[in-house]
file structure09.cif (mmCIF, C-alpha atoms)
data_structure
loop_
_atom_site.label_atom_id
_atom_site.label_comp_id
_atom_site.auth_asym_id
_atom_site.auth_seq_id
_atom_site.Cartn_x
_atom_site.Cartn_y
_atom_site.Cartn_z
CA MET A 1 0.00 0.00 0.00
CA THR A 2 1.27 3.44 -0.92
CA TYR A 3 0.87 6.32 1.49
CA GLY A 4 0.63 9.96 0.58
CA PRO A 5 2.88 12.57 2.15
CA ILE A 6 1.99 13.41 5.74
CA ASP A 7 1.95 16.97 7.02
CA PHE A 8 2.48 17.91 10.66
CA ILE A 9 0.11 20.77 11.50
CA ALA A 10 -0.35 22.49 14.86
CA LEU A 11 -3.28 24.89 15.27
CA GLU A 12 -4.21 27.14 18.15
CA LEU A 13 -8.01 27.04 18.10
CA GLY A 14 -10.61 27.20 20.83
CA THR A 15 -13.37 24.61 21.13
CA GLU A 16 -15.96 27.00 19.74
CA GLN A 17 -13.77 27.67 16.70
CA LEU A 18 -13.57 23.91 16.08
CA LYS A 19 -17.34 23.86 15.70
CA GLY A 20 -17.30 26.59 13.05
CA GLU A 21 -15.82 27.34 9.66
CA ALA A 22 -12.43 25.67 10.27
CA MET A 23 -14.08 22.37 11.23
CA ALA A 24 -16.41 22.51 8.23
CA ALA A 25 -13.46 23.05 5.88
CA LEU A 26 -11.48 20.20 7.44
CA LEU A 27 -14.48 17.87 7.31
CA GLU A 28 -15.03 18.70 3.63
CA LEU A 29 -11.42 17.68 2.84
CA VAL A 30 -11.89 14.40 4.75
CA ASP A 31 -15.28 13.67 3.14
CA LYS A 32 -13.89 14.27 -0.36
CA LYS A 33 -10.96 11.94 0.47
CA ILE A 34 -8.42 14.65 -0.27
CA ILE A 35 -6.83 14.14 3.16
CA ARG A 36 -6.97 11.63 6.00
CA LEU A 37 -6.18 12.42 9.62
CA VAL A 38 -3.71 9.85 10.87
CA ASP A 39 -3.28 11.33 14.32
CA LEU A 40 -4.65 14.09 16.52
CA VAL A 41 -3.38 15.26 19.90
CA VAL A 42 -4.78 18.20 21.87
CA VAL A 43 -2.29 20.18 23.99
CA VAL A 44 -3.72 22.28 26.82
CA LYS A 45 -1.45 24.81 28.55
CA ASP A 46 -2.55 26.34 31.86
CA GLU A 47 -1.88 29.82 33.27
CA ASP A 48 1.34 28.61 34.96
CA GLY A 49 2.78 27.20 31.74
CA ASN A 50 2.13 23.56 32.60
CA PHE A 51 0.76 21.51 29.72
CA GLU A 52 -1.20 18.33 29.23
CA ALA A 53 -1.48 16.27 26.03
CA LEU A 54 -4.76 14.51 25.33
CA GLU A 55 -5.49 11.94 22.65
CA MET A 56 -8.96 11.52 21.14
CA GLN A 57 -10.25 9.04 23.72
CA GLU A 58 -9.16 11.34 26.59
CA LEU A 59 -11.08 14.42 25.41
CA ALA A 60 -14.33 15.71 26.89
CA PRO A 61 -17.40 14.02 25.34
CA ASP A 62 -18.60 17.26 23.68
CA LEU A 63 -15.23 17.71 21.96
CA ILE A 64 -15.13 14.05 20.92
CA ALA A 65 -18.56 14.57 19.32
CA VAL A 66 -17.22 17.54 17.34
CA LEU A 67 -14.10 15.68 16.16
CA ASP A 68 -15.66 12.25 15.61
CA PRO A 69 -16.87 12.95 12.03
CA LEU A 70 -13.20 13.45 11.04
CA ASP A 71 -12.67 9.69 11.50
CA VAL A 72 -9.20 10.22 12.98
CA GLU A 73 -6.98 7.16 12.94
CA VAL A 74 -4.98 7.47 16.17
CA THR A 75 -1.57 6.07 15.25
CA GLY A 76 0.58 7.40 18.06
CA MET A 77 2.94 8.94 15.50
CA VAL A 78 2.91 12.28 17.33
CA GLN A 79 5.76 11.92 19.79
CA MET A 80 6.44 13.58 23.15
CA GLU A 81 9.16 15.78 21.65
CA ASP A 82 6.59 17.05 19.11
CA ILE A 83 4.15 17.80 21.92
CA GLU A 84 6.84 19.57 23.98
CA MET A 85 7.84 21.68 20.97
CA ILE A 86 4.25 22.83 20.39
CA ALA A 87 3.64 23.38 24.11
CA GLY A 88 6.74 25.59 24.17
CA ALA A 89 5.34 27.75 21.36
CA LEU A 90 1.85 27.89 22.89
CA GLU A 91 0.90 30.83 25.09
CA ASN A 92 -0.37 30.18 28.62
CA ASN A 93 -4.11 29.47 28.89
CA LYS A 94 -4.26 28.30 25.28
CA THR A 95 -5.07 25.03 23.54
CA ALA A 96 -3.54 23.57 20.38
CA ALA A 97 -4.48 20.67 18.14
CA ILE A 98 -1.64 18.71 16.58
CA LEU A 99 -2.76 16.99 13.38
CA LEU A 100 -0.95 14.53 11.18
CA VAL A 101 -2.62 14.89 7.80
CA GLU A 102 -2.05 12.37 5.01
CA ASN A 103 -2.39 13.89 1.56
CA LEU A 104 -4.49 11.24 -0.18
CA TRP A 105 -4.56 13.25 -3.40
CA ALA A 106 -0.87 12.46 -3.94
CA ILE A 107 -1.10 8.66 -3.81
CA LYS A 108 -2.28 8.04 -7.40
CA PHE A 109 0.42 10.35 -8.75
CA ALA A 110 3.13 8.72 -6.61
CA GLU A 111 2.09 5.26 -7.79
CA ALA A 112 2.23 6.41 -11.45
CA VAL A 113 5.72 7.87 -10.95
CA THR A 114 6.89 4.62 -9.33
CA ARG A 115 5.47 2.52 -12.20
CA ALA A 116 7.37 4.80 -14.62
CA SER A 117 10.59 4.01 -12.69
CA GLY A 118 10.68 7.59 -11.45
CA ARG A 119 11.71 8.72 -8.02
CA LEU A 120 11.08 11.68 -5.80
CA ILE A 121 14.15 13.88 -5.62
CA MET A 122 12.75 16.57 -3.33
CA TYR A 123 9.55 17.42 -1.56
CA ASP A 124 9.06 20.58 0.46
CA ARG A 125 6.02 22.51 1.58
CA ILE A 126 6.03 26.29 1.26
CA PRO A 127 3.85 27.74 4.06
CA PHE A 128 0.84 29.76 2.88
CA GLU A 129 2.13 32.84 4.70
CA VAL A 130 5.29 32.79 2.59
CA VAL A 131 3.33 32.25 -0.64
CA ASN A 132 0.95 35.11 0.14
CA GLU A 133 3.84 37.41 1.04
CA MET A 134 5.65 36.61 -2.21
CA VAL A 135 2.51 37.14 -4.32
CA GLU A 136 1.99 40.50 -2.62
CA LEU A 137 5.61 41.50 -3.25
CA PHE A 138 5.32 40.53 -6.94
CA ALA A 139 2.08 42.50 -7.26
CA GLN A 140 3.71 45.57 -5.69
CA ALA A 141 6.70 45.27 -8.05
CA GLU A 142 4.37 45.28 -11.07
CA GLU A 143 2.68 48.52 -9.97
#
call {"tool": "encode", "arguments": {"input": "structure09.cif", "output": "structure tokens"}}
result
Amino acid sequence: MTYGPIDFIALELGTEQLKGEAMAALLELVDKKIIRLVDLVVVVKDEDGNFEALEMQELAPDLIAVLDPLDVEVTGMVQMEDIEMIAGALENNKTAAILLVENLWAIKFAEAVTRASGRLIMYDRIPFEVVNEMVELFAQAEE
């Protein structure tokens, strides 16, 4: 079985935000089989800077109900050093969701490249902030 590339994404979102537009967009990607969530860990940081990591089965029932339609496969691939890194970047009294997202859209292409005796030489993801900044700079240069 071929797997698509997996992205590590950490989002600082409150529970209410998870029930809104961001959740709807994520669910649409899952429903259309563009992505698959292969892990999800919630990191909660208190006012003193202490943090706790919670996997799906450890979350409050109302949050489980919100996340359940995503059909997350809890693989345990998110490691403690990943959690500590995100907790270190998280402000006190904030919550983050760490997602491992498999890009299902890439599997068919990867299989075709393999059958053609091709190989991946490089893969890198350019963050949307960088792309948007570059597009804006190009637009300003054309003015």
call {"tool": "atom_distance", "arguments": {"input": "structure09.cif", "atom1": "CA of Ser117 (chain A)", "atom2": "CA of Asp7 (chain A)"}}
result
25.1 Å
call {"tool": "closest_residue", "arguments": {"input": "structure09.cif", "among": "A:Ile64, A:Ala25, A:Ile6, A:Leu13", "to": "Leu37 (chain A)", "atoms": "all atoms listed in the file"}}
result
A:Ile6
call {"tool": "resolve_selection", "arguments": {"input": "structure09.cif", "expression": "the PyMOL selection byres ((chain A and resi 99) around 8)", "output": "list in words"}}
result
Asp7, Phe8, Ile9, Ala10, Leu37, Val38, Asp39, Leu40, Val41, Ala97, Ile98, Leu100 and Val101 of chain A
call {"tool": "resolve_selection", "arguments": {"input": "structure09.cif", "expression": "the PyMOL selection byres ((chain A and resi 71) around 10)", "output": "PDB file with C-alpha atoms, keeping the file's coordinate frame"}}
result
ATOM      1  CA  LEU A  27     -14.480  17.870   7.310  1.00  0.00           C
ATOM      2  CA  VAL A  30     -11.890  14.400   4.750  1.00  0.00           C
ATOM      3  CA  ASP A  31     -15.280  13.670   3.140  1.00  0.00           C
ATOM      4  CA  ARG A  36      -6.970  11.630   6.000  1.00  0.00           C
ATOM      5  CA  LEU A  37      -6.180  12.420   9.620  1.00  0.00           C
ATOM      6  CA  VAL A  38      -3.710   9.850  10.870  1.00  0.00           C
ATOM      7  CA  ASP A  39      -3.280  11.330  14.320  1.00  0.00           C
ATOM      8  CA  LEU A  67     -14.100  15.680  16.160  1.00  0.00           C
ATOM      9  CA  ASP A  68     -15.660  12.250  15.610  1.00  0.00           C
ATOM     10  CA  PRO A  69     -16.870  12.950  12.030  1.00  0.00           C
ATOM     11  CA  LEU A  70     -13.200  13.450  11.040  1.00  0.00           C
ATOM     12  CA  VAL A  72      -9.200  10.220  12.980  1.00  0.00           C
ATOM     13  CA  GLU A  73      -6.980   7.160  12.940  1.00  0.00           C
ATOM     14  CA  VAL A  74      -4.980   7.470  16.170  1.00  0.00           C
TER      15      VAL A  74
END
call {"tool": "closest_residue", "arguments": {"input": "structure09.cif", "among": "A:Met80, A:Met23, A:Ala106, A:Ile35", "to": "Phe51 (chain A)", "atoms": "only C-alpha atoms"}}
result
A:Met80
call {"tool": "closest_residue", "arguments": {"input": "structure09.cif", "among": "A:Ile86, A:Met134, A:Val66, A:Ala112", "to": "Leu26 (chain A)", "atoms": "all atoms listed in the file"}}
result
A:Val66
call {"tool": "atom_distance", "arguments": {"input": "structure09.cif", "atom1": "CA of Val43 (chain A)", "atom2": "CA of Ala87 (chain A)"}}
result
6.7 Å
call {"tool": "atom_distance", "arguments": {"input": "structure09.cif", "atom1": "CA of Lys94 (chain A)", "atom2": "CA of Glu47 (chain A)"}}
result
8.5 Å
call {"tool": "residues_around", "arguments": {"input": "structure09.cif", "residues": "Glu111 (chain A)", "least_positions_apart": "4", "cutoff": "10 Å", "atoms": "only C-alpha atoms", "output": "ChimeraX atom specification"}}
result
/A:1-4,106-107,115-118
call {"tool": "closest_residue", "arguments": {"input": "structure09.cif", "among": "A:Val44, A:Leu11, A:Ile34, A:Leu90", "to": "Trp105 (chain A)", "atoms": "only C-alpha atoms"}}
result
A:Ile34
call {"tool": "axis_aligned_box", "arguments": {"input": "structure09.cif", "around": "region 41-48 of chain A", "padding_each_side": "4 Å", "output": "lines of an AutoDock Vina configuration file"}}
result
center_x = -1.7
center_y = 22.5
center_z = 27.4
size_x = 14.1
size_y = 22.6
size_z = 23.1
call {"tool": "closest_residue", "arguments": {"input": "structure09.cif", "among": "A:Val135, A:Ala60, A:Glu52, A:Glu143", "to": "Asn92 (chain A)", "atoms": "all atoms listed in the file"}}
result
A:Glu52
call {"tool": "decode", "arguments": {"input": "structure09.cif", "residues": "region 26-73 of chain A", "atoms": "N, CA and C atoms", "output": "compact mmCIF listing (two decimals), in the first residue's frame"}}
result
# COMPACT_ATOMS: atom_id res chain seq x y z
N LEU A 26 -12.24 21.43 7.20
CA LEU A 26 -11.48 20.20 7.44
C LEU A 26 -12.34 18.97 7.12
N LEU A 27 -13.57 18.99 7.56
CA LEU A 27 -14.48 17.87 7.31
C LEU A 27 -14.73 17.69 5.81
N GLU A 28 -14.83 18.78 5.08
CA GLU A 28 -15.03 18.70 3.63
C GLU A 28 -13.84 18.00 2.97
N LEU A 29 -12.62 18.32 3.40
CA LEU A 29 -11.42 17.68 2.84
C LEU A 29 -11.40 16.18 3.15
N VAL A 30 -11.83 15.81 4.36
CA VAL A 30 -11.89 14.40 4.75
C VAL A 30 -12.98 13.69 3.94
N ASP A 31 -14.16 14.29 3.86
CA ASP A 31 -15.28 13.67 3.14
C ASP A 31 -14.97 13.45 1.67
N LYS A 32 -14.24 14.38 1.07
CA LYS A 32 -13.89 14.27 -0.36
C LYS A 32 -12.65 13.39 -0.58
N LYS A 33 -12.14 12.81 0.51
CA LYS A 33 -10.96 11.94 0.47
C LYS A 33 -9.74 12.62 -0.15
N ILE A 34 -9.61 13.90 0.14
CA ILE A 34 -8.42 14.65 -0.27
C ILE A 34 -7.32 14.46 0.78
N ILE A 35 -7.75 14.39 2.05
CA ILE A 35 -6.83 14.14 3.16
C ILE A 35 -7.42 13.08 4.07
N ARG A 36 -6.55 12.54 4.93
CA ARG A 36 -6.97 11.63 6.00
C ARG A 36 -6.19 12.02 7.24
N LEU A 37 -6.86 12.09 8.37
CA LEU A 37 -6.18 12.42 9.62
C LEU A 37 -5.64 11.13 10.23
N VAL A 38 -4.32 11.06 10.34
CA VAL A 38 -3.71 9.85 10.87
C VAL A 38 -3.31 9.98 12.33
N ASP A 39 -3.47 11.16 12.88
CA ASP A 39 -3.28 11.33 14.32
C ASP A 39 -3.77 12.72 14.72
N LEU A 40 -4.20 12.82 15.96
CA LEU A 40 -4.65 14.09 16.52
C LEU A 40 -4.37 14.07 18.01
N VAL A 41 -3.67 15.09 18.47
CA VAL A 41 -3.38 15.26 19.90
C VAL A 41 -3.74 16.70 20.26
N VAL A 42 -4.43 16.87 21.38
CA VAL A 42 -4.78 18.20 21.87
C VAL A 42 -3.82 18.54 23.01
N VAL A 43 -3.21 19.72 22.94
CA VAL A 43 -2.29 20.18 23.99
C VAL A 43 -2.94 21.36 24.69
N VAL A 44 -3.10 21.23 26.01
CA VAL A 44 -3.72 22.28 26.82
C VAL A 44 -2.64 22.83 27.74
N LYS A 45 -2.46 24.16 27.70
CA LYS A 45 -1.45 24.81 28.55
C LYS A 45 -2.17 25.71 29.54
N ASP A 46 -1.87 25.55 30.83
CA ASP A 46 -2.55 26.34 31.86
C ASP A 46 -1.87 27.68 32.08
N GLU A 47 -2.40 28.46 33.02
CA GLU A 47 -1.88 29.82 33.27
C GLU A 47 -0.46 29.83 33.83
N ASP A 48 -0.02 28.70 34.41
CA ASP A 48 1.34 28.61 34.96
C ASP A 48 2.35 28.05 33.97
N GLY A 49 1.88 27.73 32.76
CA GLY A 49 2.78 27.20 31.74
C GLY A 49 2.89 25.69 31.72
N ASN A 50 2.14 25.01 32.61
CA ASN A 50 2.13 23.56 32.60
C ASN A 50 1.23 23.09 31.46
N PHE A 51 1.58 21.98 30.83
CA PHE A 51 0.76 21.51 29.72
C PHE A 51 0.38 20.05 29.90
N GLU A 52 -0.68 19.69 29.22
CA GLU A 52 -1.20 18.33 29.23
C GLU A 52 -1.52 17.96 27.78
N ALA A 53 -1.17 16.76 27.37
CA ALA A 53 -1.48 16.27 26.03
C ALA A 53 -2.59 15.24 26.14
N LEU A 54 -3.60 15.40 25.30
CA LEU A 54 -4.76 14.51 25.33
C LEU A 54 -4.99 13.90 23.95
N GLU A 55 -5.13 12.59 23.91
CA GLU A 55 -5.49 11.94 22.65
C GLU A 55 -7.01 11.88 22.57
N MET A 56 -7.51 11.49 21.41
CA MET A 56 -8.96 11.52 21.14
C MET A 56 -9.80 10.93 22.28
N GLN A 57 -9.45 9.74 22.72
CA GLN A 57 -10.25 9.04 23.72
C GLN A 57 -10.23 9.72 25.09
N GLU A 58 -9.29 10.66 25.31
CA GLU A 58 -9.16 11.34 26.59
C GLU A 58 -9.88 12.69 26.62
N LEU A 59 -10.43 13.11 25.50
CA LEU A 59 -11.08 14.42 25.41
C LEU A 59 -12.46 14.39 26.04
N ALA A 60 -12.98 15.58 26.35
CA ALA A 60 -14.33 15.71 26.89
C ALA A 60 -15.33 15.20 25.84
N PRO A 61 -16.42 14.59 26.28
CA PRO A 61 -17.40 14.02 25.34
C PRO A 61 -17.91 15.01 24.29
N ASP A 62 -18.11 16.29 24.67
CA ASP A 62 -18.60 17.26 23.68
C ASP A 62 -17.57 17.53 22.59
N LEU A 63 -16.28 17.51 22.95
CA LEU A 63 -15.23 17.71 21.96
C LEU A 63 -15.05 16.46 21.09
N ILE A 64 -15.18 15.30 21.69
CA ILE A 64 -15.13 14.05 20.92
C ILE A 64 -16.24 14.06 19.87
N ALA A 65 -17.44 14.51 20.26
CA ALA A 65 -18.56 14.57 19.32
C ALA A 65 -18.27 15.49 18.15
N VAL A 66 -17.57 16.59 18.40
CA VAL A 66 -17.22 17.54 17.34
C VAL A 66 -16.19 16.92 16.40
N LEU A 67 -15.20 16.22 16.95
CA LEU A 67 -14.10 15.68 16.16
C LEU A 67 -14.39 14.32 15.54
N ASP A 68 -15.37 13.60 16.06
CA ASP A 68 -15.66 12.25 15.61
C ASP A 68 -15.92 12.13 14.11
N PRO A 69 -16.64 13.07 13.48
CA PRO A 69 -16.87 12.95 12.03
C PRO A 69 -15.59 12.97 11.19
N LEU A 70 -14.47 13.40 11.77
CA LEU A 70 -13.20 13.45 11.04
C LEU A 70 -12.59 12.06 10.86
N ASP A 71 -13.12 11.08 11.61
CA ASP A 71 -12.67 9.69 11.50
C ASP A 71 -11.15 9.59 11.65
N VAL A 72 -10.64 10.19 12.72
CA VAL A 72 -9.20 10.22 12.98
C VAL A 72 -8.70 8.82 13.30
N GLU A 73 -7.64 8.42 12.63
CA GLU A 73 -6.98 7.16 12.94
C GLU A 73 -5.85 7.49 13.91
